[in-house]
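A.B. asks: Just query.json, nothing more (JSON, C-alpha atoms and all ligand atoms):
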[["chain", "number", "residue", "atom", "x", "y", "z"],
["A", 11, "MET", "CA", 21.79, 41.26, 36.23],
["A", 12, "GLU", "CA", 19.26, 39.02, 34.44],
["A", 13, "LYS", "CA", 20.62, 36.30, 32.24],
["A", 14, "GLY", "CA", 19.70, 36.26, 28.57],
["A", 15, "ALA", "CA", 18.09, 33.39, 26.74],
["A", 16, "THR", "CA", 17.80, 32.13, 23.20],
["A", 17, "ILE", "CA", 14.27, 31.37, 22.06],
["A", 18, "LYS", "CA", 14.10, 28.55, 19.58],
["A", 19, "HIS", "CA", 12.36, 29.54, 16.37],
["A", 20, "GLU", "CA", 9.64, 27.10, 15.30],
["A", 21, "LEU", "CA", 9.16, 27.37, 11.58],
["A", 22, "SER", "CA", 5.89, 25.42, 11.77],
["A", 23, "LYS", "CA", 4.36, 28.25, 13.83],
["A", 24, "ALA", "CA", 5.56, 31.04, 11.53],
["A", 25, "ALA", "CA", 2.90, 32.99, 9.61],
["A", 26, "LYS", "CA", 2.78, 31.80, 6.01],
["A", 27, "THR", "CA", 3.14, 35.00, 4.05],
["A", 28, "GLY", "CA", 2.71, 33.21, 0.72],
["A", 29, "ASP", "CA", -1.09, 33.10, 1.22],
["A", 30, "TRP", "CA", -1.72, 36.65, 0.06],
["A", 31, "ARG", "CA", 0.81, 36.80, -2.80],
["A", 32, "TYR", "CA", -0.65, 37.70, -6.21],
["A", 33, "VAL", "CA", 2.57, 37.46, -8.23],
["A", 34, "LYS", "CA", 5.34, 34.95, -7.75],
["A", 35, "PRO", "CA", 8.97, 34.81, -8.75],
["A", 36, "GLU", "CA", 10.12, 32.08, -11.09],
["A", 37, "VAL", "CA", 13.78, 31.20, -11.36],
["A", 38, "ASP", "CA", 15.10, 30.27, -14.79],
["A", 39, "LYS", "CA", 17.54, 27.56, -13.71],
["A", 40, "GLU", "CA", 19.37, 27.80, -17.06],
["A", 41, "LYS", "CA", 20.06, 31.51, -16.55],
["A", 42, "CYS", "CA", 20.82, 31.36, -12.80],
["A", 43, "ILE", "CA", 24.59, 31.48, -12.26],
["A", 44, "GLY", "CA", 24.31, 30.53, -8.58],
["A", 45, "CYS", "CA", 25.80, 33.80, -7.30],
["A", 46, "SER", "CA", 23.49, 33.91, -4.20],
["A", 47, "THR", "CA", 22.96, 37.66, -4.56],
["A", 48, "CYS", "CA", 19.19, 37.30, -4.16],
["A", 49, "VAL", "CA", 19.38, 35.25, -0.93],
["A", 50, "PRO", "CA", 20.21, 38.02, 1.62],
["A", 51, "PHE", "CA", 17.85, 40.49, -0.07],
["A", 52, "CYS", "CA", 14.72, 38.39, 0.43],
["A", 53, "PRO", "CA", 12.77, 39.91, 3.37],
["A", 54, "GLU", "CA", 11.09, 36.55, 4.08],
["A", 55, "ALA", "CA", 14.27, 34.46, 3.87],
["A", 56, "SER", "CA", 12.45, 32.39, 1.25],
["A", 57, "ILE", "CA", 15.37, 31.75, -1.08],
["A", 58, "VAL", "CA", 17.82, 28.91, -0.55],
["A", 59, "MET", "CA", 20.57, 27.68, -2.80],
["A", 60, "LYS", "CA", 19.93, 24.10, -3.86],
["A", 61, "SER", "CA", 21.60, 21.69, -6.21],
["A", 62, "HIS", "CA", 19.07, 19.70, -8.21],
["A", 63, "LYS", "CA", 21.56, 17.28, -9.73],
["A", 64, "GLU", "CA", 24.58, 15.67, -8.13],
["A", 65, "GLY", "CA", 27.73, 17.60, -8.94],
["A", 66, "GLN", "CA", 25.75, 20.52, -10.35],
["A", 67, "LYS", "CA", 26.18, 24.06, -9.04],
["A", 68, "SER", "CA", 23.50, 25.25, -6.58],
["A", 69, "LYS", "CA", 20.76, 27.44, -7.99],
["A", 70, "ALA", "CA", 18.21, 29.69, -6.31],
["A", 71, "ASP", "CA", 15.14, 27.86, -5.04],
["A", 72, "ILE", "CA", 12.05, 29.65, -3.68],
["A", 73, "ASP", "CA", 9.84, 28.56, -0.80],
["A", 74, "TYR", "CA", 6.39, 29.67, -1.96],
["A", 75, "GLU", "CA", 4.81, 29.13, 1.47],
["A", 76, "PHE", "CA", 6.65, 32.19, 2.71],
["A", 77, "CYS", "CA", 7.43, 34.22, -0.44],
["A", 78, "LYS", "CA", 5.16, 37.29, -0.39],
["A", 79, "GLY", "CA", 5.79, 38.26, -4.01],
["A", 80, "CYS", "CA", 7.54, 41.57, -3.33],
["A", 81, "GLY", "CA", 9.78, 41.28, -6.38],
["A", 82, "VAL", "CA", 13.03, 42.33, -4.68],
["A", 83, "CYS", "CA", 14.79, 39.18, -5.90],
["A", 84, "GLU", "CA", 13.88, 40.01, -9.49],
["A", 85, "GLN", "CA", 15.35, 43.49, -9.08],
["A", 86, "VAL", "CA", 18.69, 42.38, -7.65],
["A", 87, "CYS", "CA", 19.48, 39.39, -9.86],
["A", 88, "PRO", "CA", 22.45, 40.43, -12.04],
["A", 89, "VAL", "CA", 21.53, 38.10, -14.91],
["A", 90, "LYS", "CA", 17.73, 38.56, -14.86],
["A", 91, "ALA", "CA", 17.18, 34.91, -14.01],
["A", 92, "ILE", "CA", 14.08, 35.73, -11.89],
["A", 93, "LEU", "CA", 10.82, 36.89, -13.42],
["A", 94, "MET", "CA", 7.64, 37.79, -11.54],
["A", 95, "LYS", "CA", 4.61, 35.98, -12.93],
["A", 96, "LYS", "CA", 0.92, 35.98, -12.04],
["A", 97, "ASN", "CA", 0.26, 33.63, -9.14],
["A", 101, "LIG", "S1", 9.46, 37.90, -4.28],
["A", 101, "LIG", "FE1", 10.21, 38.85, -2.37],
["A", 101, "LIG", "S2", 9.59, 37.41, -0.77],
["A", 101, "LIG", "FE2", 9.47, 36.29, -2.70],
["A", 101, "LIG", "S3", 11.46, 35.27, -2.92],
["A", 101, "LIG", "FE3", 11.59, 37.25, -4.00],
["A", 101, "LIG", "S4", 12.45, 38.67, -2.48],
["A", 101, "LIG", "FE4", 11.67, 36.86, -1.37],
["A", 102, "LIG", "S1", 20.75, 36.49, -7.97],
["A", 102, "LIG", "FE1", 20.03, 35.50, -9.87],
["A", 102, "LIG", "S2", 21.81, 34.40, -10.62],
["A", 102, "LIG", "FE2", 22.22, 34.88, -8.48],
["A", 102, "LIG", "S3", 21.49, 33.05, -7.34],
["A", 102, "LIG", "FE3", 19.78, 34.53, -7.40],
["A", 102, "LIG", "S4", 18.60, 33.91, -9.21],
["A", 102, "LIG", "FE4", 20.60, 32.96, -9.41]]
Would you mind giving the structure from this file in structure tokens?
Ligand code: SF4
Ligand code: SF4

C.D. replies:
Amino acid sequence: MEKGATIKHELSKAAKTGDWRYVKPEVDKEKCIGCSTCVPFCPEASIVMKSHKEGQKSKADIDYEFCKGCGVCEQVCPVKAILMKKN
């Protein structure tokens, strides 16, 4: 039997899907409760939870190089902290 292998993913070679986006999500950091609900729903894995101040709860942060503007994150946010705006 052939042995399997793990191929290392090189992010620098990944296609940047943000190029053709015409709307982009903006996170209202005041409204975001840091629940992480949006993170697994993003088809481009473009949302990470980040703390912007020491000791402060992590909030959703979007990587616009890969966000394709699909709007799924806006739909799933329970507190409407994400709004799609013109790019
Ligand atoms: S708009 Fe779509 S691709 Fe962009 S962060 Fe939200 S879910 Fe991800
Ligand atoms: S789903 Fe909404 S409240 Fe939860 S982390 Fe994402 S932006 Fe913040």

A.B. asks: Do a neighbour search on region 38-45 of chain A at 7 Å with all atoms listed in the file, toss out local chain neighbours closer than 4 positions, and write the hits as a PDB file with C-alpha atoms, in the frame of the given file.

C.D. replies:
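Output (around36.pdb):
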ATOM      1  CA  LYS A  67      26.180  24.060  -9.040  1.00  0.00           C
ATOM      2  CA  SER A  68      23.500  25.250  -6.580  1.00  0.00           C
ATOM      3  CA  LYS A  69      20.760  27.440  -7.990  1.00  0.00           C
ATOM      4  CA  ALA A  70      18.210  29.690  -6.310  1.00  0.00           C
ATOM      5  CA  VAL A  89      21.530  38.100 -14.910  1.00  0.00           C
ATOM      6  CA  ALA A  91      17.180  34.910 -14.010  1.00  0.00           C
ATOM      7  CA  ILE A  92      14.080  35.730 -11.890  1.00  0.00           C
TER       8      ILE A  92
END

A.B. asks: Enumerate as a JSON list (two decimals) with C-alpha atoms, in the frame of the given file the residues within 12 Å of ligand LIG 101 (chain A), counting all atoms listed in the file.

C.D. replies:
[["chain", "number", "residue", "atom", "x", "y", "z"],
["A", 26, "LYS", "CA", 2.78, 31.80, 6.01],
["A", 27, "THR", "CA", 3.14, 35.00, 4.05],
["A", 28, "GLY", "CA", 2.71, 33.21, 0.72],
["A", 29, "ASP", "CA", -1.09, 33.10, 1.22],
["A", 30, "TRP", "CA", -1.72, 36.65, 0.06],
["A", 31, "ARG", "CA", 0.81, 36.80, -2.80],
["A", 32, "TYR", "CA", -0.65, 37.70, -6.21],
["A", 33, "VAL", "CA", 2.57, 37.46, -8.23],
["A", 34, "LYS", "CA", 5.34, 34.95, -7.75],
["A", 35, "PRO", "CA", 8.97, 34.81, -8.75],
["A", 36, "GLU", "CA", 10.12, 32.08, -11.09],
["A", 37, "VAL", "CA", 13.78, 31.20, -11.36],
["A", 47, "THR", "CA", 22.96, 37.66, -4.56],
["A", 48, "CYS", "CA", 19.19, 37.30, -4.16],
["A", 49, "VAL", "CA", 19.38, 35.25, -0.93],
["A", 50, "PRO", "CA", 20.21, 38.02, 1.62],
["A", 51, "PHE", "CA", 17.85, 40.49, -0.07],
["A", 52, "CYS", "CA", 14.72, 38.39, 0.43],
["A", 53, "PRO", "CA", 12.77, 39.91, 3.37],
["A", 54, "GLU", "CA", 11.09, 36.55, 4.08],
["A", 55, "ALA", "CA", 14.27, 34.46, 3.87],
["A", 56, "SER", "CA", 12.45, 32.39, 1.25],
["A", 57, "ILE", "CA", 15.37, 31.75, -1.08],
["A", 58, "VAL", "CA", 17.82, 28.91, -0.55],
["A", 59, "MET", "CA", 20.57, 27.68, -2.80],
["A", 70, "ALA", "CA", 18.21, 29.69, -6.31],
["A", 71, "ASP", "CA", 15.14, 27.86, -5.04],
["A", 72, "ILE", "CA", 12.05, 29.65, -3.68],
["A", 73, "ASP", "CA", 9.84, 28.56, -0.80],
["A", 74, "TYR", "CA", 6.39, 29.67, -1.96],
["A", 75, "GLU", "CA", 4.81, 29.13, 1.47],
["A", 76, "PHE", "CA", 6.65, 32.19, 2.71],
["A", 77, "CYS", "CA", 7.43, 34.22, -0.44],
["A", 78, "LYS", "CA", 5.16, 37.29, -0.39],
["A", 79, "GLY", "CA", 5.79, 38.26, -4.01],
["A", 80, "CYS", "CA", 7.54, 41.57, -3.33],
["A", 81, "GLY", "CA", 9.78, 41.28, -6.38],
["A", 82, "VAL", "CA", 13.03, 42.33, -4.68],
["A", 83, "CYS", "CA", 14.79, 39.18, -5.90],
["A", 84, "GLU", "CA", 13.88, 40.01, -9.49],
["A", 85, "GLN", "CA", 15.35, 43.49, -9.08],
["A", 86, "VAL", "CA", 18.69, 42.38, -7.65],
["A", 87, "CYS", "CA", 19.48, 39.39, -9.86],
["A", 91, "ALA", "CA", 17.18, 34.91, -14.01],
["A", 92, "ILE", "CA", 14.08, 35.73, -11.89],
["A", 93, "LEU", "CA", 10.82, 36.89, -13.42],
["A", 94, "MET", "CA", 7.64, 37.79, -11.54],
["A", 95, "LYS", "CA", 4.61, 35.98, -12.93],
["A", 96, "LYS", "CA", 0.92, 35.98, -12.04],
["A", 97, "ASN", "CA", 0.26, 33.63, -9.14]]

A.B. asks: Between CA of His62 (chain A) and atom FE3 of ligand LIG 102 (chain A), what is the distance in Å, rounded to a tenth?

C.D. replies: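 Atom-to-atom, CA of His62 (chain A) and atom FE3 of ligand LIG 102 (chain A) are spaced 14.9 Å apart.
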
A.B. asks: Can you work out the spacing between CA of Glu64 (chain A) and atom S1 of ligand LIG 102 (chain A) in Å, to one decimal?

C.D. replies: 21.2 Å

A.B. asks: Please compute the atom FE2 of ligand LIG 102 (chain A)-CA of Ala25 (chain A) distance, one decimal, in Å.

C.D. replies: 26.5 Å

A.B. asks: Using all atoms listed in the file, which residue out of A:Lys13, A:Lys23, A:Lys60, A:Lys18 lies closest to ligand LIG 102 (chain A)?

C.D. replies: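 Of all the options, A:Lys60 lies closest to ligand LIG 102 (chain A).
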
A.B. asks: Using all atoms of ligand LIG 102 (chain A) listed in the file and a margin of 3 Å per side, can you give the axis-aligned box centre and edge lengths in Å to one decimal, as lines of an AutoDock Vina configuration file?

C.D. replies:
center_x = 20.4
center_y = 34.7
center_z = -9.0
size_x = 9.6
size_y = 9.5
size_z = 9.3

A.B. asks: Quick one: of A:Ser46, A:Ser22, A:Thr16, A:Met11, who's nearest to ligand LIG 102 (chain A), counting all atoms listed in the file?

C.D. replies: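 Nearest to ligand LIG 102 (chain A): A:Ser46.
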
A.B. asks: What does region 67-92 of chain A look like written to a file with N, CA, C and O atoms, as a JSON list (two decimals), in the first residue's frame?

C.D. replies:
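Here's the written file part13.json:
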[["chain", "number", "residue", "atom", "x", "y", "z"],
["A", 67, "LYS", "N", -11.33, 41.53, 25.10],
["A", 67, "LYS", "CA", -11.87, 40.33, 24.45],
["A", 67, "LYS", "C", -11.58, 40.38, 22.94],
["A", 67, "LYS", "O", -11.59, 41.44, 22.33],
["A", 68, "SER", "N", -11.32, 39.22, 22.33],
["A", 68, "SER", "CA", -11.07, 39.16, 20.89],
["A", 68, "SER", "C", -12.33, 39.47, 20.10],
["A", 68, "SER", "O", -13.43, 39.08, 20.49],
["A", 69, "LYS", "N", -12.14, 40.19, 19.01],
["A", 69, "LYS", "CA", -13.25, 40.55, 18.13],
["A", 69, "LYS", "C", -12.92, 40.03, 16.73],
["A", 69, "LYS", "O", -11.77, 39.76, 16.40],
["A", 70, "ALA", "N", -13.96, 39.95, 15.90],
["A", 70, "ALA", "CA", -13.77, 39.45, 14.53],
["A", 70, "ALA", "C", -12.95, 40.43, 13.71],
["A", 70, "ALA", "O", -13.18, 41.63, 13.74],
["A", 71, "ASP", "N", -11.98, 39.90, 12.97],
["A", 71, "ASP", "CA", -11.11, 40.70, 12.13],
["A", 71, "ASP", "C", -11.09, 40.06, 10.74],
["A", 71, "ASP", "O", -10.95, 38.85, 10.62],
["A", 72, "ILE", "N", -11.23, 40.86, 9.70],
["A", 72, "ILE", "CA", -11.36, 40.30, 8.34],
["A", 72, "ILE", "C", -10.12, 40.54, 7.49],
["A", 72, "ILE", "O", -9.57, 41.64, 7.47],
["A", 73, "ASP", "N", -9.68, 39.49, 6.82],
["A", 73, "ASP", "CA", -8.54, 39.59, 5.91],
["A", 73, "ASP", "C", -9.10, 39.91, 4.52],
["A", 73, "ASP", "O", -9.65, 39.04, 3.84],
["A", 74, "TYR", "N", -8.99, 41.17, 4.11],
["A", 74, "TYR", "CA", -9.59, 41.60, 2.84],
["A", 74, "TYR", "C", -8.85, 41.08, 1.61],
["A", 74, "TYR", "O", -9.36, 41.21, 0.50],
["A", 75, "GLU", "N", -7.69, 40.51, 1.76],
["A", 75, "GLU", "CA", -7.00, 39.93, 0.59],
["A", 75, "GLU", "C", -7.72, 38.68, 0.11],
["A", 75, "GLU", "O", -7.61, 38.29, -1.05],
["A", 76, "PHE", "N", -8.42, 38.03, 1.02],
["A", 76, "PHE", "CA", -9.08, 36.78, 0.67],
["A", 76, "PHE", "C", -10.60, 36.83, 0.77],
["A", 76, "PHE", "O", -11.29, 35.99, 0.22],
["A", 77, "CYS", "N", -11.14, 37.81, 1.48],
["A", 77, "CYS", "CA", -12.61, 37.93, 1.59],
["A", 77, "CYS", "C", -13.18, 38.22, 0.21],
["A", 77, "CYS", "O", -12.74, 39.13, -0.48],
["A", 78, "LYS", "N", -14.17, 37.40, -0.22],
["A", 78, "LYS", "CA", -14.75, 37.60, -1.55],
["A", 78, "LYS", "C", -16.07, 38.36, -1.52],
["A", 78, "LYS", "O", -16.73, 38.50, -2.54],
["A", 79, "GLY", "N", -16.46, 38.82, -0.33],
["A", 79, "GLY", "CA", -17.65, 39.66, -0.22],
["A", 79, "GLY", "C", -18.97, 38.92, -0.38],
["A", 79, "GLY", "O", -19.96, 39.49, -0.84],
["A", 80, "CYS", "N", -19.02, 37.66, 0.04],
["A", 80, "CYS", "CA", -20.23, 36.87, -0.14],
["A", 80, "CYS", "C", -21.36, 37.26, 0.81],
["A", 80, "CYS", "O", -22.53, 37.01, 0.54],
["A", 81, "GLY", "N", -21.01, 37.83, 1.94],
["A", 81, "GLY", "CA", -22.04, 38.30, 2.88],
["A", 81, "GLY", "C", -22.55, 37.26, 3.87],
["A", 81, "GLY", "O", -23.46, 37.54, 4.65],
["A", 82, "VAL", "N", -21.98, 36.07, 3.86],
["A", 82, "VAL", "CA", -22.42, 35.02, 4.79],
["A", 82, "VAL", "C", -22.21, 35.47, 6.25],
["A", 82, "VAL", "O", -23.09, 35.28, 7.10],
["A", 83, "CYS", "N", -21.09, 36.09, 6.51],
["A", 83, "CYS", "CA", -20.78, 36.53, 7.88],
["A", 83, "CYS", "C", -21.84, 37.51, 8.39],
["A", 83, "CYS", "O", -22.26, 37.44, 9.55],
["A", 84, "GLU", "N", -22.29, 38.38, 7.53],
["A", 84, "GLU", "CA", -23.33, 39.35, 7.91],
["A", 84, "GLU", "C", -24.62, 38.61, 8.29],
["A", 84, "GLU", "O", -25.30, 38.98, 9.24],
["A", 85, "GLN", "N", -24.93, 37.57, 7.53],
["A", 85, "GLN", "CA", -26.16, 36.81, 7.77],
["A", 85, "GLN", "C", -26.14, 36.04, 9.08],
["A", 85, "GLN", "O", -27.17, 35.91, 9.73],
["A", 86, "VAL", "N", -24.98, 35.53, 9.47],
["A", 86, "VAL", "CA", -24.95, 34.65, 10.65],
["A", 86, "VAL", "C", -24.66, 35.38, 11.97],
["A", 86, "VAL", "O", -24.87, 34.81, 13.04],
["A", 87, "CYS", "N", -24.21, 36.60, 11.91],
["A", 87, "CYS", "CA", -23.86, 37.31, 13.15],
["A", 87, "CYS", "C", -25.12, 37.55, 14.00],
["A", 87, "CYS", "O", -26.06, 38.20, 13.53],
["A", 88, "PRO", "N", -25.15, 37.04, 15.22],
["A", 88, "PRO", "CA", -26.36, 37.14, 16.04],
["A", 88, "PRO", "C", -26.67, 38.56, 16.53],
["A", 88, "PRO", "O", -27.80, 38.84, 16.93],
["A", 89, "VAL", "N", -25.67, 39.44, 16.50],
["A", 89, "VAL", "CA", -25.93, 40.80, 17.01],
["A", 89, "VAL", "C", -25.82, 41.86, 15.90],
["A", 89, "VAL", "O", -25.76, 43.04, 16.17],
["A", 90, "LYS", "N", -25.79, 41.41, 14.67],
["A", 90, "LYS", "CA", -25.72, 42.32, 13.50],
["A", 90, "LYS", "C", -24.52, 43.28, 13.59],
["A", 90, "LYS", "O", -24.64, 44.48, 13.34],
["A", 91, "ALA", "N", -23.38, 42.71, 13.97],
["A", 91, "ALA", "CA", -22.18, 43.53, 14.10],
["A", 91, "ALA", "C", -21.44, 43.68, 12.77],
["A", 91, "ALA", "O", -20.50, 44.46, 12.66],
["A", 92, "ILE", "N", -21.87, 42.91, 11.74],
["A", 92, "ILE", "CA", -21.21, 42.98, 10.43],
["A", 92, "ILE", "C", -22.19, 43.56, 9.42],
["A", 92, "ILE", "O", -23.34, 43.12, 9.32]]
